[in-house]
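Take a look at the structure set out below.
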Amino acid sequence: MLLTYLQQTPVASVIFFFTLVTSVYTFSNEQLYGKLMLHPYSISRKQKLYTILTSGFVHKDWGHLLFNMITFYYFAFGLEQMLAQASPYGHLLFAVIYLGSLVLSDIPTIVQQKNNPGYYSLGASGAICAVLFSYILFNPKMTIGVMMIIPMPAYLFAFLFLGYCIWASKKGQDGINHDAHFFGALSGLILTIICFPWVIKHCLAQF
């Protein structure tokens, strides 16, 4: 009974709602805000391990939240629907891809910043990049509006985005965790291929 219920649960809707509520609430609760952020220094010392997950449900400000939630809205709901059509466990597999990528996208940051007590990170960007790249695997030739303005084939956007993440991470002057974006995108690709091995052939067949 529980498995049947979970198979039918619209996971994207739950994540979307929970992220909005949690983020908005923490905007006015600095104490909770601080507790939920990713802190590699603590995690490497086996403290605040829960922040690997909770950091993905809080955001820095309204701009950060809205940008992520708009991207989530455009791709996460469609991806979950495609996965549900492809497998009776589609909803659960969407949760695996999203939450799995949320965790995996933070691991490089935790390793790199493990001895930096002043470093904190937050936001759903890693998991949302995973959703976007998973979606691109199923529709590589769809048109993506870069910054909602510049039209571009999805596969081209994917390559440019990964290249930009590498460049921006090395430059490291804007306070954005580009490593989380890069590894979130890769995690989304890898987990999608593990869950749906046929997606590689499906993707290549569209060219």
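Naming scheme: A, B, ... for chains in displayed order of the structure tokens; residues 1 onward per chain; ligands 1 onward as shown.
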Next on the checklist: Can you tell me, as a ChimeraX atom specification, which residues in region 38-113 of chain A count as helix (DSSP H, G or I) by DSSP?
Outcome noted: /A:40-43,51-57,62-86,90-104,107-112
Close residues, region 96-109 of chain A itself excluded, 7 Å, only C-alpha atoms, min 6 positions apart in chain, as a PyMOL selection string:
chain A and resi 52-53+56+126-127+130-131+179-180+183-184+187-188+191-192
CA of Ile190 (chain A) to CA of Ala168 (chain A) measures 22.6 Å
**OP:** Extract, using only C-alpha atoms, all DNA, RNA and protein residues at most 12 Å from region 18-26 of chain A, discarding same-chain residues fewer than 6 positions from it, and format them as a ChimeraX atom specification.
**Re:** /A:11-12,32-37,53-70,72-73,122-125,128
Residue selection dump (C-alpha atoms) as a PDB file, in the first residue's frame:
```pdb
ATOM      1  CA  VAL A  11       7.182  14.425  -6.021  1.00  0.00           C
ATOM      2  CA  ALA A  12       8.000  17.607  -7.935  1.00  0.00           C
ATOM      3  CA  LEU A  32      17.232  28.510  11.574  1.00  0.00           C
ATOM      4  CA  TYR A  33      18.736  29.853   8.351  1.00  0.00           C
ATOM      5  CA  GLY A  34      22.223  29.350   9.763  1.00  0.00           C
ATOM      6  CA  LYS A  35      21.455  25.851  10.994  1.00  0.00           C
ATOM      7  CA  LEU A  36      20.224  24.624   7.619  1.00  0.00           C
ATOM      8  CA  MET A  37      23.090  25.893   5.430  1.00  0.00           C
ATOM      9  CA  LEU A  53      20.027  17.855   2.342  1.00  0.00           C
ATOM     10  CA  THR A  54      18.569  20.859   4.154  1.00  0.00           C
ATOM     11  CA  SER A  55      20.857  23.331   2.378  1.00  0.00           C
ATOM     12  CA  GLY A  56      18.998  22.526  -0.835  1.00  0.00           C
ATOM     13  CA  PHE A  57      15.716  23.807   0.592  1.00  0.00           C
ATOM     14  CA  VAL A  58      16.856  27.284   1.644  1.00  0.00           C
ATOM     15  CA  HIS A  59      18.001  30.235  -0.449  1.00  0.00           C
ATOM     16  CA  LYS A  60      19.990  33.421  -0.014  1.00  0.00           C
ATOM     17  CA  ASP A  61      17.288  35.869  -1.087  1.00  0.00           C
ATOM     18  CA  TRP A  62      14.195  36.326  -3.226  1.00  0.00           C
ATOM     19  CA  GLY A  63      16.194  36.603  -6.449  1.00  0.00           C
ATOM     20  CA  HIS A  64      18.040  33.357  -5.753  1.00  0.00           C
ATOM     21  CA  LEU A  65      14.797  31.578  -4.852  1.00  0.00           C
ATOM     22  CA  LEU A  66      12.779  32.852  -7.812  1.00  0.00           C
ATOM     23  CA  PHE A  67      15.467  32.018 -10.381  1.00  0.00           C
ATOM     24  CA  ASN A  68      15.743  28.452  -9.095  1.00  0.00           C
ATOM     25  CA  MET A  69      12.001  27.932  -8.763  1.00  0.00           C
ATOM     26  CA  ILE A  70      11.293  29.280 -12.249  1.00  0.00           C
ATOM     27  CA  PHE A  72      12.334  24.063 -11.531  1.00  0.00           C
ATOM     28  CA  TYR A  73       8.830  24.913 -12.748  1.00  0.00           C
ATOM     29  CA  LEU A 122      22.988  26.903   0.214  1.00  0.00           C
ATOM     30  CA  GLY A 123      20.394  26.603  -2.525  1.00  0.00           C
ATOM     31  CA  ALA A 124      18.824  24.002  -4.797  1.00  0.00           C
ATOM     32  CA  SER A 125      20.929  24.902  -7.842  1.00  0.00           C
ATOM     33  CA  ILE A 128      17.944  21.825 -10.401  1.00  0.00           C
TER      34      ILE A 128
END
```
Residue with the minimum atom-to-atom distance to Tyr135 (chain A), picked from A:Phe161, A:Tyr89, A:Trp167, A:Phe75 with only C-alpha atoms counted, is A:Phe75
| said: Report as a ChimeraX atom specification all protein, DNA and RNA residues lying within 8 Å of Ile110 (chain A), evaluated on only C-alpha atoms, omitting residues in the same chain fewer than 4 positions from it. | reply: /A:39-41,43-44,106,114
Which residues are close to Phe207 (chain A), i.e. within 9 Å by only C-alpha atoms, leaving aside same-chain residues fewer than 3 positions away? Reply as JSON, numbers by chain. {"A": [140, 141, 203, 204]}
Generate the output file for the selected residues, N, CA, C and O atoms, as a PDB file, in the first residue's frame.
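Contents of out-v1.pdb, freshly written:
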```pdb
ATOM      1  N   PRO A 140      17.175  16.459 -26.420  1.00  0.00           N
ATOM      2  CA  PRO A 140      18.417  17.208 -26.665  1.00  0.00           C
ATOM      3  C   PRO A 140      18.310  18.318 -27.692  1.00  0.00           C
ATOM      4  O   PRO A 140      19.133  19.238 -27.693  1.00  0.00           O
ATOM      5  N   LYS A 141      17.312  18.271 -28.563  1.00  0.00           N
ATOM      6  CA  LYS A 141      17.206  19.276 -29.620  1.00  0.00           C
ATOM      7  C   LYS A 141      16.115  20.309 -29.350  1.00  0.00           C
ATOM      8  O   LYS A 141      15.828  21.135 -30.219  1.00  0.00           O
ATOM      9  N   CYS A 203      18.559   9.451 -26.926  1.00  0.00           N
ATOM     10  CA  CYS A 203      19.142  10.782 -27.141  1.00  0.00           C
ATOM     11  C   CYS A 203      19.877  10.864 -28.475  1.00  0.00           C
ATOM     12  O   CYS A 203      19.649  11.788 -29.261  1.00  0.00           O
ATOM     13  N   LEU A 204      20.720   9.904 -28.748  1.00  0.00           N
ATOM     14  CA  LEU A 204      21.514   9.907 -29.980  1.00  0.00           C
ATOM     15  C   LEU A 204      20.651   9.764 -31.224  1.00  0.00           C
ATOM     16  O   LEU A 204      20.979  10.299 -32.289  1.00  0.00           O
TER      17      LEU A 204
END
```
>> Just want the 12 Å neighbourhood of Val199 (chain A), counted on only C-alpha atoms, with same-chain residues fewer than 2 positions away dropped. Output as a count of residues only.
In response: 25
Pairwise distance, CA of Leu79 (chain A) with CA of Leu93 (chain A), equals 10.5 Å
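Omitting Ile166 (chain A) and its sequence neighbours fewer than 2 positions away, and counting only C-alpha atoms, the residues within 12 Å are Phe159, Leu160, Phe161, Leu162, Gly163, Tyr164, Ala168, Ser169, Lys170, Lys171, Gly172, Asn177, His178, Asp179, Ala180, His181, Phe182 and Phe183 of chain A.
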| Every residue of chain A that DSSP places in strand (DSSP E), as a PyMOL selection string | chain A and resi 143-146+150-153
Of A:Tyr50, A:Phe17, A:Phe94, A:Tyr155, the one nearest to Leu38 (chain A) when counting only C-alpha atoms is A:Tyr50
Atom pair CA of Phe77 (chain A) + CA of Pro10 (chain A), distance 8.7 Å
